[in-house]
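Everything below belongs to model.txt, which stores compact mmCIF, C-alpha atoms.
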# COMPACT_ATOMS: atom_id res chain seq x y z
CA MET A 12 10.61 7.18 15.53
CA PRO A 13 12.49 10.45 16.10
CA VAL A 14 10.53 13.63 15.77
CA LYS A 15 11.14 15.77 12.72
CA TRP A 16 10.26 19.23 11.49
CA LEU A 17 10.24 20.11 7.82
CA LEU A 18 11.16 23.74 7.17
CA TYR A 19 11.03 25.63 3.92
CA TRP A 20 12.88 28.71 2.79
CA GLN A 21 10.77 31.82 2.61
CA PRO A 22 12.63 34.38 0.45
CA ASN A 23 12.25 38.08 1.17
CA ALA A 24 9.70 39.95 -0.93
CA GLY A 25 10.82 40.45 -4.51
CA ILE A 26 13.62 37.92 -4.27
CA SER A 27 13.38 34.53 -5.86
CA VAL A 28 15.01 31.44 -4.49
CA ASN A 29 18.23 30.39 -6.25
CA THR A 30 21.06 27.89 -6.02
CA GLN A 31 23.40 30.48 -4.50
CA ILE A 32 21.18 30.69 -1.43
CA LEU A 33 21.08 26.88 -1.21
CA THR A 34 24.89 26.77 -1.36
CA GLU A 35 25.19 29.37 1.39
CA ILE A 36 22.69 27.54 3.62
CA SER A 37 24.68 24.33 3.18
CA GLN A 38 27.87 26.24 4.08
CA CYS A 39 26.16 27.61 7.20
CA VAL A 40 25.32 24.08 8.33
CA GLU A 41 28.83 22.84 7.63
CA SER A 42 30.97 25.71 8.92
CA SER A 43 28.85 27.69 11.39
CA ILE A 44 27.35 24.81 13.34
CA ASN A 45 29.84 22.10 12.31
CA GLY A 46 27.39 19.70 10.71
CA VAL A 47 29.16 16.55 9.57
CA LYS A 48 28.23 15.94 5.98
CA GLY A 49 26.74 12.52 5.27
CA GLY A 50 25.10 10.86 2.31
CA ARG A 51 22.52 12.12 -0.15
CA TRP A 52 18.79 11.96 0.49
CA LYS A 53 15.79 12.23 -1.76
CA ALA A 54 12.04 12.42 -1.30
CA THR A 55 9.42 12.79 -4.01
CA LEU A 56 5.96 14.26 -4.08
CA THR A 57 3.50 13.59 -6.87
CA PHE A 58 0.25 15.35 -7.66
CA TYR A 59 -2.56 13.16 -8.95
CA ARG A 60 -5.67 14.10 -10.89
CA PRO A 61 -8.82 12.05 -11.37
CA ILE A 62 -9.31 10.61 -14.83
CA THR A 63 -12.92 11.08 -15.82
CA ARG A 64 -14.78 9.97 -18.89
CA ASP A 65 -16.46 13.31 -19.17
CA GLN A 66 -15.04 16.72 -18.36
CA SER A 67 -17.99 17.83 -16.24
CA SER A 68 -17.34 15.00 -13.74
CA GLN A 69 -13.84 16.32 -12.84
CA ASN A 70 -15.18 18.21 -9.85
CA ASP A 71 -16.98 15.17 -8.46
CA TYR A 72 -13.67 13.69 -7.36
CA PRO A 73 -10.81 15.02 -5.22
CA ARG A 74 -8.26 17.10 -7.10
CA ASP A 75 -5.77 17.48 -4.27
CA LEU A 76 -4.44 13.92 -4.05
CA MET A 77 -0.71 13.91 -3.30
CA GLY A 78 1.60 10.91 -3.12
CA VAL A 79 4.82 11.01 -1.11
CA SER A 80 7.82 8.69 -1.02
CA LEU A 81 10.32 9.15 1.80
CA PRO A 82 13.90 7.96 2.23
CA GLU A 83 13.12 6.95 5.83
CA GLN A 84 10.57 4.37 4.58
CA PRO A 85 11.80 3.14 1.19
CA HIS A 86 9.15 0.38 0.99
CA LYS A 87 6.20 2.61 1.83
CA TYR A 88 4.18 5.18 -0.06
CA TYR A 89 1.87 7.80 1.39
CA PHE A 90 -1.21 9.48 -0.01
CA ILE A 91 -2.52 12.71 1.43
CA LEU A 92 -5.89 14.35 0.87
CA ARG A 93 -5.72 17.65 2.72
CA THR A 94 -9.34 18.62 2.08
CA ASN A 95 -10.51 15.38 3.63
CA ARG A 96 -7.82 15.33 6.32
CA ILE A 97 -6.53 11.88 5.56
CA VAL A 98 -3.06 10.32 5.40
CA PHE A 99 -3.06 6.84 3.90
CA GLU A 100 -0.07 4.50 4.16
CA ALA A 101 0.62 1.63 1.76
CA ASP A 102 3.46 -0.40 0.27
CA THR A 103 5.26 1.15 -2.69
CA ASN A 104 3.41 -1.09 -5.16
CA ILE A 105 0.22 0.86 -4.44
CA GLN A 106 1.57 3.06 -7.25
CA SER A 107 1.25 0.13 -9.67
CA ILE A 108 -2.28 -0.52 -8.38
CA MET A 109 -3.18 3.12 -9.08
CA GLU A 110 -1.68 2.85 -12.56
CA LYS A 111 -3.61 -0.33 -13.34
CA ALA A 112 -6.86 1.05 -11.95
CA GLN A 113 -6.54 4.04 -14.30
CA SER A 114 -8.78 6.19 -12.14
CA TYR A 115 -6.12 8.71 -11.04
CA LYS A 116 -3.16 9.87 -13.02
CA ALA A 117 0.20 11.12 -11.76
CA ARG A 118 0.41 14.63 -13.22
CA VAL A 119 3.40 16.49 -11.79
CA ALA A 120 6.22 15.15 -9.63
CA LEU A 121 8.60 17.18 -7.48
CA THR A 122 11.85 15.99 -5.99
CA PHE A 123 13.35 17.12 -2.69
CA GLU A 124 17.04 16.21 -2.68
CA GLY A 125 20.33 17.14 -1.12
CA PHE A 126 22.75 16.10 1.59
CA GLN A 127 22.28 15.12 5.18
CA TYR A 128 24.31 16.37 8.12
CA GLN A 129 24.86 15.02 11.62
CA LEU A 130 25.10 17.44 14.49
CA GLY A 131 25.13 15.66 17.83
CA ASP A 132 21.56 14.53 18.48
CA PHE A 133 20.28 16.39 15.45
CA GLN A 134 20.16 15.21 11.90
CA LEU A 135 19.63 17.78 9.17
CA ARG A 136 18.72 17.25 5.56
CA VAL A 137 19.13 20.26 3.34
CA GLY A 138 17.90 20.10 -0.20
CA LYS A 139 16.44 21.72 -3.23
CA VAL A 140 12.90 21.31 -4.42
CA ALA A 141 12.55 20.93 -8.17
CA LEU A 142 10.27 19.41 -10.75
CA THR A 143 11.44 15.85 -11.27
CA SER A 144 11.39 16.44 -15.03
CA HIS A 145 13.39 19.73 -14.78
CA ALA A 146 15.84 19.08 -11.97
CA GLU A 147 17.86 22.23 -12.73
CA ASN A 148 14.86 24.48 -12.21
CA LEU A 149 14.85 25.30 -8.47
CA ARG A 150 11.37 25.72 -6.99
CA GLY A 151 12.31 25.95 -3.34
CA ILE A 152 14.64 24.95 -0.53
CA ALA A 153 13.66 22.60 2.27
CA MET A 154 15.32 21.44 5.46
CA GLU A 155 14.44 18.49 7.64
CA VAL A 156 15.44 18.88 11.28
CA GLU A 157 15.32 15.58 13.13
CA TYR A 158 15.94 15.24 16.85
CA LEU A 159 17.02 11.67 17.46
CA PRO A 160 16.38 11.21 21.23
CA LEU A 161 12.65 12.06 21.23
CA SER A 162 9.56 10.81 19.44
CA SER A 163 6.95 12.93 21.21
CA LEU A 164 6.01 16.10 19.37
CA GLU A 165 5.04 17.89 22.55
CA LYS A 166 8.09 16.92 24.58
CA SER A 167 10.44 17.92 21.78
CA ARG A 168 8.77 21.24 20.96
CA GLN A 169 11.03 23.40 23.11
CA VAL A 170 14.31 21.86 21.95
CA MET A 171 13.18 22.02 18.31
CA ASP A 172 12.11 25.64 18.67
CA ASP A 173 15.46 26.53 20.25
CA PHE A 174 17.40 24.77 17.53
CA VAL A 175 15.45 26.44 14.73
CA ASP A 176 16.04 29.82 16.43
CA ILE A 177 19.80 29.16 16.31
CA LEU A 178 19.53 28.27 12.63
CA GLN A 179 17.63 31.48 11.94
CA GLU A 180 20.25 33.55 13.74
CA ILE A 181 23.02 32.02 11.67
CA VAL A 182 21.11 32.65 8.47
CA THR A 183 20.44 36.25 9.54
CA SER A 184 24.11 36.80 10.43
CA ARG A 185 25.00 35.80 6.88
CA SER A 186 22.48 38.37 5.57
CA LEU A 187 20.74 35.77 3.46
CA PRO A 188 17.62 37.25 1.83
CA GLY A 189 14.96 35.22 3.62
CA HIS A 190 14.32 32.86 6.49
CA PHE A 191 13.20 29.33 7.26
CA THR A 192 9.54 28.79 8.06
CA HIS A 193 7.94 25.92 9.91
CA ILE A 194 4.23 25.29 9.66
CA GLU A 195 3.08 22.41 11.78
CA PRO A 196 0.05 20.74 10.26
CA ASN A 197 -2.76 20.00 12.69
CA PHE A 198 -1.78 16.35 13.05
CA SER A 199 -4.69 15.44 15.30
CA GLU A 200 -7.17 16.48 12.59
CA TYR A 201 -5.67 13.66 10.53
CA GLY A 202 -5.95 11.21 13.39
CA LEU A 203 -2.19 11.28 14.00
CA SER A 204 -1.01 11.10 17.60
CA ASP A 205 1.73 12.86 19.52
CA GLN A 206 4.06 9.91 18.80
CA TYR A 207 5.91 10.80 15.64
CA SER A 208 5.65 8.53 12.57
CA SER A 209 6.43 8.65 8.86
CA GLN A 210 2.79 9.56 8.29
CA HIS A 211 3.59 12.83 10.09
CA THR A 212 6.56 13.36 7.76
CA SER A 213 4.48 12.73 4.64
CA LEU A 214 1.90 15.23 5.83
CA GLN A 215 4.60 17.84 6.43
CA TYR A 216 5.85 17.36 2.87
CA ALA A 217 2.33 17.83 1.52
CA SER A 218 1.87 20.99 3.62
CA VAL A 219 5.23 22.47 2.60
CA MET A 220 4.56 21.76 -1.05
CA THR A 221 1.15 23.39 -0.87
CA GLN A 222 2.75 26.43 0.78
CA LEU A 223 5.53 26.68 -1.81
CA LEU A 224 2.98 26.59 -4.62
CA THR A 225 0.82 29.21 -2.92
CA ASN A 226 3.87 31.47 -2.48
CA GLN A 227 4.79 31.10 -6.13
CA ARG A 228 1.28 31.93 -7.29
CA ASN A 229 1.37 35.07 -5.17
CA MET B 6 1.14 -11.77 -11.63
CA GLU B 7 -0.25 -15.02 -10.27
CA CYS B 8 -1.33 -18.47 -11.39
CA VAL B 9 -4.64 -19.68 -10.01
CA VAL B 10 -7.04 -22.61 -10.10
CA GLU B 11 -10.14 -23.15 -8.01
CA GLY B 12 -12.73 -25.74 -7.22
CA ILE B 13 -15.53 -26.60 -4.82
CA ILE B 14 -15.95 -29.28 -2.21
CA GLU B 15 -18.82 -30.35 0.00
CA THR B 16 -18.33 -29.20 3.58
CA GLN B 17 -18.61 -32.79 4.83
CA HIS B 18 -15.37 -33.63 2.96
CA VAL B 19 -13.36 -30.61 4.09
CA GLU B 20 -11.87 -32.45 7.04
CA ALA B 21 -10.55 -35.14 4.69
CA LEU B 22 -9.14 -32.46 2.40
CA GLU B 23 -7.39 -30.90 5.37
CA ILE B 24 -5.77 -34.23 6.25
CA LEU B 25 -4.63 -34.67 2.65
CA LEU B 26 -3.27 -31.12 2.43
CA HIS B 27 -1.48 -31.48 5.73
CA GLY B 28 0.16 -34.64 4.46
CA LEU B 29 1.12 -33.10 1.12
CA CYS B 30 2.34 -29.76 2.44
CA GLY B 31 3.95 -30.86 5.66
CA VAL B 32 3.13 -27.59 7.38
CA PRO B 33 0.41 -26.71 9.86
CA LYS B 34 -2.68 -24.97 8.55
CA GLU B 35 -3.40 -21.33 9.28
CA ARG B 36 -6.87 -20.23 10.24
CA LEU B 37 -8.42 -17.75 7.88
CA LYS B 38 -11.08 -15.12 8.41
CA ILE B 39 -11.08 -12.44 5.75
CA HIS B 40 -13.61 -9.66 5.35
CA GLU B 41 -13.49 -8.75 1.69
CA PHE B 42 -14.85 -5.45 0.37
CA CYS B 43 -15.27 -5.33 -3.38
CA LEU B 44 -15.11 -1.71 -4.56
CA ARG B 45 -15.95 -0.29 -7.96
CA SER B 46 -15.02 3.10 -9.33
CA GLY B 47 -17.86 5.63 -9.32
CA PRO B 48 -19.69 6.85 -12.41
CA ASN B 49 -17.37 8.38 -15.01
CA LEU B 50 -14.28 7.80 -12.85
CA GLY B 51 -11.43 6.15 -14.69
CA VAL B 52 -10.78 5.20 -18.27
CA VAL B 53 -13.02 2.19 -17.66
CA THR B 54 -14.76 0.99 -14.51
CA SER B 55 -12.14 -0.46 -12.18
CA GLU B 56 -12.44 -2.87 -9.31
CA LEU B 57 -10.39 -3.03 -6.12
CA ARG B 58 -10.62 -5.54 -3.32
CA VAL B 59 -9.91 -4.33 0.18
CA LEU B 60 -9.24 -7.23 2.53
CA CYS B 61 -9.34 -7.15 6.29
CA ASP B 62 -7.65 -10.09 7.99
CA LEU B 63 -9.76 -10.67 11.09
CA GLU B 64 -7.70 -13.62 12.25
CA GLN B 65 -4.85 -11.37 13.40
CA PRO B 66 -4.91 -10.06 16.98
CA LYS B 67 -5.07 -6.59 15.43
CA PRO B 68 -6.84 -6.71 12.03
CA THR B 69 -4.52 -6.04 9.10
CA TRP B 70 -5.56 -4.49 5.80
CA THR B 71 -4.58 -5.16 2.21
CA VAL B 72 -5.73 -3.84 -1.14
CA ARG B 73 -5.67 -6.14 -4.16
CA GLN B 74 -6.03 -5.33 -7.81
CA VAL B 75 -6.78 -8.33 -10.00
CA GLY B 76 -6.27 -7.68 -13.67
CA GLY B 77 -7.36 -9.49 -16.77
CA ALA B 78 -6.27 -13.03 -17.60
CA MET B 79 -3.40 -13.64 -19.95
CA ARG B 80 -4.64 -14.39 -23.47
CA GLY B 81 -3.32 -16.16 -26.50
CA ALA B 82 -2.77 -19.69 -27.67
CA GLY B 83 -0.12 -20.36 -25.00
CA ALA B 84 -2.45 -19.28 -22.20
CA GLU B 85 -5.32 -21.37 -23.62
CA GLN B 86 -3.23 -24.51 -23.39
CA LEU B 87 -2.42 -24.00 -19.72
CA SER B 88 -4.72 -25.67 -17.22
CA VAL B 89 -4.30 -22.73 -14.83
CA LEU B 90 -5.29 -19.10 -15.19
CA VAL B 91 -2.45 -16.59 -15.37
CA ARG B 92 -3.51 -13.08 -14.43
CA SER B 93 -2.04 -9.87 -13.18
CA MET B 94 -2.44 -9.36 -9.46
CA ILE B 95 -0.93 -6.63 -7.32
CA GLU B 96 -1.29 -6.44 -3.57
CA SER B 97 -0.29 -3.83 -1.08
CA LYS B 98 -0.54 -3.70 2.69
CA ILE B 99 -2.42 -0.57 3.69
CA SER B 100 -3.29 1.42 6.78
CA LYS B 101 -6.61 0.80 8.49
CA ASN B 102 -8.20 3.91 6.99
CA GLY B 103 -7.98 2.33 3.50
CA LEU B 104 -11.72 1.96 3.01
CA ARG B 105 -12.32 5.60 3.86
CA PHE B 106 -9.50 6.59 1.51
CA PHE B 107 -10.92 4.70 -1.46
CA TYR B 108 -14.45 5.95 -0.74
CA ILE B 109 -13.13 9.53 -0.85
CA LEU B 110 -11.35 8.78 -4.13
CA GLY B 111 -14.74 7.87 -5.56
CA TYR B 112 -14.91 4.11 -5.16
CA LYS B 113 -18.21 2.57 -4.03
CA LEU B 114 -18.88 -0.65 -2.16
CA ASP B 115 -20.22 -3.14 -4.69
CA HIS B 116 -20.51 -6.08 -2.33
CA GLU B 117 -18.77 -7.59 0.68
CA LEU B 118 -17.98 -11.16 1.65
CA LEU B 119 -16.63 -13.01 4.65
CA LYS B 120 -14.34 -15.92 3.90
CA VAL B 121 -13.83 -18.29 6.82
CA GLY B 122 -11.65 -21.38 6.68
CA PHE B 123 -7.99 -22.24 6.58
CA ALA B 124 -4.90 -21.93 4.41
CA PHE B 125 -1.71 -23.85 3.77
CA HIS B 126 1.41 -22.01 2.61
CA PHE B 127 4.20 -24.21 1.34
CA GLN B 128 6.99 -24.56 -1.18
CA LYS B 129 6.67 -26.97 -4.13
CA VAL B 130 9.12 -25.61 -6.73
CA VAL B 131 7.42 -22.27 -6.10
CA PRO B 132 5.59 -20.89 -3.05
CA ILE B 133 2.00 -22.15 -3.27
CA THR B 134 -1.01 -21.16 -1.19
CA VAL B 135 -4.12 -23.29 -0.82
CA THR B 136 -7.18 -21.76 0.82
CA VAL B 137 -10.33 -23.61 1.77
CA THR B 138 -13.10 -21.25 2.75
CA SER B 139 -16.77 -20.99 3.37
CA VAL B 140 -17.87 -17.86 1.51
CA LYS B 141 -20.47 -15.89 3.40
CA ARG B 142 -22.51 -12.81 2.72
CA MET B 143 -23.66 -10.25 5.23
CA LEU B 144 -27.38 -9.77 5.86
CA LYS B 145 -26.66 -6.29 7.21
CA LEU B 146 -23.87 -3.93 6.12
CA HIS B 147 -20.53 -4.99 7.66
CA ALA B 148 -22.29 -7.37 10.11
CA THR B 149 -19.72 -10.18 9.96
CA ASP B 150 -21.25 -11.81 13.05
CA GLU B 151 -24.47 -12.44 11.15
CA ALA B 152 -22.94 -13.71 7.92
CA VAL B 153 -24.61 -16.63 6.15
CA PRO B 154 -23.05 -18.98 3.58
CA VAL B 155 -23.60 -18.00 -0.05
CA THR B 156 -23.75 -21.69 -1.00
CA PRO B 157 -24.58 -23.74 2.12
CA GLY B 158 -22.78 -27.04 2.30
CA ILE B 159 -20.18 -26.07 -0.29
CA GLN B 160 -16.72 -24.58 0.28
CA LEU B 161 -14.35 -22.87 -2.11
CA VAL B 162 -10.81 -24.13 -2.68
CA GLU B 163 -8.29 -21.82 -4.32
CA VAL B 164 -4.70 -22.66 -5.23
CA THR B 165 -2.51 -19.69 -6.09
CA ALA B 166 1.16 -18.98 -6.62
CA PRO B 167 3.01 -15.79 -7.51
CA ALA B 168 4.43 -15.79 -11.02
CA SER B 169 6.26 -13.54 -13.44
CA ALA B 170 6.43 -13.24 -17.21
CA ASP B 171 9.60 -15.34 -17.07
CA ASN B 172 8.43 -18.26 -14.96
CA TYR B 173 4.65 -18.55 -15.30
CA SER B 174 4.78 -21.80 -17.29
CA GLU B 175 6.95 -23.38 -14.60
CA VAL B 176 4.56 -22.14 -11.90
CA ALA B 177 1.54 -23.38 -13.89
CA ALA B 178 3.15 -26.82 -14.16
CA ALA B 179 3.83 -26.89 -10.41
CA ILE B 180 0.19 -26.04 -9.66
CA SER B 181 -1.11 -28.57 -12.18
CA SER B 182 0.95 -31.38 -10.75
CA PHE B 183 -0.07 -30.43 -7.22
CA SER B 184 -3.74 -30.34 -8.30
CA GLU B 185 -3.51 -33.94 -9.44
CA TYR B 186 -2.91 -35.06 -5.86
CA LEU B 187 -6.22 -33.47 -4.90
CA ALA B 188 -8.12 -34.88 -7.87
CA PRO B 189 -9.89 -37.69 -5.96
CA LEU B 190 -11.48 -35.09 -3.69
CA LEU B 191 -12.02 -32.13 -5.96
CA HIS B 192 -11.53 -30.89 -9.46
CA LEU B 193 -9.47 -27.73 -9.80
CA SER B 194 -9.86 -25.61 -12.91
CA LYS B 195 -9.52 -22.04 -14.13
CA PRO B 196 -11.82 -19.66 -12.23
CA GLY B 197 -15.17 -19.36 -13.95
CA VAL B 198 -14.96 -22.85 -15.49
CA SER B 199 -16.16 -24.83 -12.50
CA ALA B 200 -16.53 -28.56 -12.99
CA GLY B 201 -18.62 -29.04 -9.82
CA VAL B 202 -17.98 -31.64 -7.16
CA VAL B 203 -16.30 -34.90 -8.11
CA PRO B 204 -18.17 -38.24 -7.80
CA THR B 205 -15.20 -39.96 -6.13
CA ALA B 206 -15.09 -37.43 -3.26
CA ALA B 207 -17.09 -39.47 -0.75
CA ALA B 208 -15.01 -42.63 -1.21
CA ALA B 209 -11.72 -40.71 -1.23
CA ALA B 210 -12.75 -38.81 1.89
CA ALA B 211 -13.74 -42.00 3.69
CA SER B 212 -10.40 -43.54 2.84
CA LEU B 213 -8.47 -40.48 3.99
CA MET B 214 -10.43 -40.24 7.20
CA SER B 215 -9.72 -43.85 8.10
CA ASP B 216 -6.03 -43.40 7.22
CA GLY B 217 -5.96 -40.16 9.14
CA ARG B 218 -7.48 -41.80 12.20
CA GLY B 219 -4.96 -44.64 11.91
CA LYS B 220 -2.09 -42.14 11.96
CA THR B 221 -3.48 -40.29 14.92
CA LEU B 222 -3.71 -43.54 16.87

Translate this file's structure into structure tokens.
Amino acid sequence: MPVKWLLYWQPNAGISVNTQILTEISQCVESSINGVKGGRWKATLTFYRPITRDQSSQNDYPRDLMGVSLPEQPHKYYFILRTNRIVFEADTNIQSIMEKAQSYKARVALTFEGFQYQLGDFQLRVGKVALTSHAENLRGIAMEVEYLPLSSLEKSRQVMDDFVDILQEIVTSRSLPGHFTHIEPNFSEYGLSDQYSSQHTSLQYASVMTQLLTNQRN
Amino acid sequence: MECVVEGIIETQHVEALEILLHGLCGVPKERLKIHEFCLRSGPNLGVVTSELRVLCDLEQPKPTWTVRQVGGAMRGAGAEQLSVLVRSMIESKISKNGLRFFYILGYKLDHELLKVGFAFHFQKVVPITVTVTSVKRMLKLHATDEAVPVTPGIQLVEVTAPASADNYSEVAAAISSFSEYLAPLLHLSKPGVSAGVVPTAAAAAASLMSDGRGKTL
């Protein structure tokens, strides 16, 4: 499948992310680089916690379990354990299995949602990150950059880098208070190859979410 | 949710059962070789101890993995009257690192089995699956090549069909009526209420085998 980078908005120091910035970024994509607006997209990320019969056992089990659902694979669900470097793929009804097993509980869910744009061989998805339960409360801004002709991470690196540079220049020219950041997880540590898959996407969502939370704590 | 009945048959009569099933179902059998890992949640994990079954289909050119959660049986007067067990069952295809994933979550291997045999998948009002398997245990961890039968000379027959809260009585009726066709060879009942082998099996098998041979000729 086509290679994809997930970027997140890193606001300048002392400035918090807001809907005005999201609107301006969307305008940049539409007017500055002539992105053709398409349909809506939505991904969700859920944090799970172990359910233990006694409080002292909480630390015996992983506390960083994340579940991801992606629009590109509507019948699949992904679990990520970053500490253990594992991405696990299942059908969506794995969520019902987890519920029935009552060993892990979905605690907080975040939604990534917005519009997608077509730009030649590139497909962009720009969206806000918010708690699913408080959709109006913006927690971050994310952008998927997908390059349709290539599925090799290595072969596409240069073209992706160049494209993201152009995006950054546009954002800078608009004097927006921040920039997009891309952190590529070490895919090989998770046993993922150079050939891009939805498991790569799910891992990028988990990494971006972890980064957004770290930034907010700081 | 699924409806299920099971029974046992002596290995010597399995060939006759296969002929009968082939005749009833009208579809070719599929070979079956499933490595089943029964996992239990670790100490203190979960509201109560939970069980998951991770299944590896070894019959496929590239083994495929599934996780299955079998819940409690439906209760109540209505359920008592049914001759099949209705229980919750959820399955999901999973990636090949599933075992490692569940071990990290805190599940432990309780036991493992190898089920070798065949299955028929067919439609009789509802989609029904019949599996006939020799259940084996491993003498060494994961050593499927050295598996030995749990009950030598006896094979397990399971009849299952997916059901929902709306149609389970219809599905149960379909399974019950199908089970009657197999009655001369084996008795099918709710899991855990085994009625053993049936006395008419040898005669029924002999009759089927002679009919079967006649057809082949």

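CA of Glu155 (chain A) lies 5.5 Å from CA of Leu135 (chain A).
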
Notebook entry, point to check: Neighbours of region 148-157 of chain B within 12 Å (all atoms listed in the file; same-chain residues fewer than 3 positions away dropped), as an MDAnalysis selection string?
Noted result: chainID B and resid 13:17 38:42 61 63 117:121 138:145 160:161

Check: Which is closest to Leu121 (chain A) among A:Ala217, A:Ile91, A:Met171, A:Leu178, if we use only C-alpha atoms?
Finding: A:Ala217

Note to self: Using all atoms listed in the file, can you tell me which of B:Ser93, B:Gln65, B:Ser182, B:Gln86 comes closest to chain A?
What the structure shows: B:Ser93

Check: So what do you get for CA of Pro82 (chain A) versus CA of Ser97 (chain B), distance-wise?
Finding: 18.7 Å

Notebook entry, point to check: From the list A:Tyr201, A:Tyr72, A:Tyr59, A:Phe123, which residue is nearest Gln106 (chain A) when using only C-alpha atoms?
Noted result: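 Closest residue, counting only C-alpha atoms: A:Tyr59.
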
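Minimum distance to chain B across A:Val47, A:Leu203, A:Ile181, A:Val170 (counting only C-alpha atoms) occurs at A:Leu203.
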
Notebook entry, point to check: Which value, in Å to one decimal, gives the distance between CA of Cys39 (chain A) and CA of Leu187 (chain A)?
Noted result: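 These atoms are spaced 10.5 Å apart.
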
Using only C-alpha atoms, I'd like a table of the residues in chain A that come within 12 Å of chain B; for each, show the closest atom pair and its distance in Å rounded to one decimal, ordered by chain and ascending number, as a tab-separated table.
residue	atom	partner	partner_atom	distance
A:Tyr59	CA	B:Leu110	CA	10.9
A:Arg60	CA	B:Leu110	CA	10.3
A:Pro61	CA	B:Leu50	CA	7.1
A:Ile62	CA	B:Gly51	CA	4.9
A:Thr63	CA	B:Leu50	CA	4.6
A:Arg64	CA	B:Asn49	CA	4.9
A:Asp65	CA	B:Asn49	CA	6.5
A:Gln66	CA	B:Asn49	CA	9.3
A:Ser67	CA	B:Asn49	CA	9.5
A:Ser68	CA	B:Asn49	CA	6.7
A:Gln69	CA	B:Leu50	CA	8.5
A:Asn70	CA	B:Leu50	CA	10.9
A:Asp71	CA	B:Gly111	CA	8.2
A:Tyr72	CA	B:Gly111	CA	6.2
A:Pro73	CA	B:Leu110	CA	6.4
A:Arg74	CA	B:Leu110	CA	9.4
A:Asp75	CA	B:Leu110	CA	10.3
A:Leu76	CA	B:Leu110	CA	8.6
A:Met77	CA	B:Leu110	CA	11.8
A:His86	CA	B:Ser97	CA	10.5
A:Lys87	CA	B:Lys98	CA	9.3
A:Tyr88	CA	B:Ile99	CA	9.5
A:Tyr89	CA	B:Ile99	CA	9.7
A:Phe90	CA	B:Phe106	CA	8.9
A:Ile91	CA	B:Phe106	CA	9.3
A:Leu92	CA	B:Phe106	CA	8.6
A:Arg93	CA	B:Ile109	CA	11.6
A:Thr94	CA	B:Ile109	CA	10.3
A:Asn95	CA	B:Ile109	CA	7.8
A:Arg96	CA	B:Phe106	CA	10.1
A:Ile97	CA	B:Phe106	CA	7.3
A:Val98	CA	B:Asn102	CA	8.4
A:Phe99	CA	B:Ser100	CA	6.1
A:Glu100	CA	B:Ser100	CA	5.2
A:Ala101	CA	B:Ile99	CA	4.2
A:Asp102	CA	B:Ser97	CA	5.3
A:Thr103	CA	B:Ser97	CA	7.6
A:Asn104	CA	B:Ser97	CA	6.2
A:Ile105	CA	B:Ser97	CA	5.8
A:Gln106	CA	B:Ser97	CA	9.4
A:Ser107	CA	B:Ile95	CA	7.5
A:Ile108	CA	B:Gln74	CA	6.1
A:Met109	CA	B:Gln74	CA	9.0
A:Glu110	CA	B:Gln74	CA	10.4
A:Lys111	CA	B:Gly76	CA	7.8
A:Ala112	CA	B:Ser55	CA	5.5
A:Gln113	CA	B:Gly51	CA	5.3
A:Ser114	CA	B:Gly51	CA	3.7
A:Tyr115	CA	B:Gly51	CA	6.9
A:Lys116	CA	B:Gly51	CA	9.2
A:Tyr201	CA	B:Asn102	CA	10.7
A:Gly202	CA	B:Asn102	CA	10.0
A:Leu203	CA	B:Asn102	CA	11.8
A:Gln210	CA	B:Ser100	CA	10.3

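In terms of minimum interatomic distance to Glu35 (chain A), A:Val182 ranks closest within A:Ala117, A:Leu130, A:Val219, A:Val182, counting only C-alpha atoms.
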
Margin query: Counting all atoms listed in the file, which residues have an atom no more than 9 Å from (-11.7, -35.8, 8.3) in the file's coordinates? Please list them as a list of chain:residue names.
Written below: B:Gln17, B:His18, B:Val19, B:Glu20, B:Ala21, B:Leu22, B:Glu23, B:Ile24, B:Ala210, B:Ala211, B:Leu213, B:Met214, B:Ser215, B:Gly217, B:Arg218

Check: Using all atoms listed in the file, what residues lie at most 12 Å away from (24.0, 25.1, -4.6) (file coordinates), given as a PyMOL selection string?
Finding: chain A and resi 28-38+124-126+137-140+147-149+151-152

Next item on the list: Pick out the residues sitting within 9 Å of Leu29 (chain B), and hand them over as an MDAnalysis selection string; count all atoms listed in the file, and ignore anything fewer than 3 positions along from it in its own chain.
Entry: chainID B and resid 24:26 32 183 186

Output file for the residues above (C-alpha atoms, as a short mmCIF file (atom, residue, chain, number, x, y, z; two decimals), keeping the file's coordinate frame):
data_model
loop_
_atom_site.label_atom_id
_atom_site.label_comp_id
_atom_site.auth_asym_id
_atom_site.auth_seq_id
_atom_site.Cartn_x
_atom_site.Cartn_y
_atom_site.Cartn_z
CA ILE B 24 -5.77 -34.23 6.25
CA LEU B 25 -4.63 -34.67 2.65
CA LEU B 26 -3.27 -31.12 2.43
CA VAL B 32 3.13 -27.59 7.38
CA PHE B 183 -0.07 -30.43 -7.22
CA TYR B 186 -2.91 -35.06 -5.86
#

Next item on the list: Please identify all polymer residues within 9 Å of Ser163 (chain A), counting only C-alpha atoms, omitting same-chain residues fewer than 6 positions from it, and present them as a ChimeraX atom specification.
Entry: /A:12-14,204-207

Could those residues be written to a file, using C-alpha atoms, as a PDB file, keeping the file's coordinate frame?
ATOM      1  CA  MET A  12      10.610   7.180  15.530  1.00  0.00           C
ATOM      2  CA  PRO A  13      12.490  10.450  16.100  1.00  0.00           C
ATOM      3  CA  VAL A  14      10.530  13.630  15.770  1.00  0.00           C
ATOM      4  CA  SER A 204      -1.010  11.100  17.600  1.00  0.00           C
ATOM      5  CA  ASP A 205       1.730  12.860  19.520  1.00  0.00           C
ATOM      6  CA  GLN A 206       4.060   9.910  18.800  1.00  0.00           C
ATOM      7  CA  TYR A 207       5.910  10.800  15.640  1.00  0.00           C
TER       8      TYR A 207
END
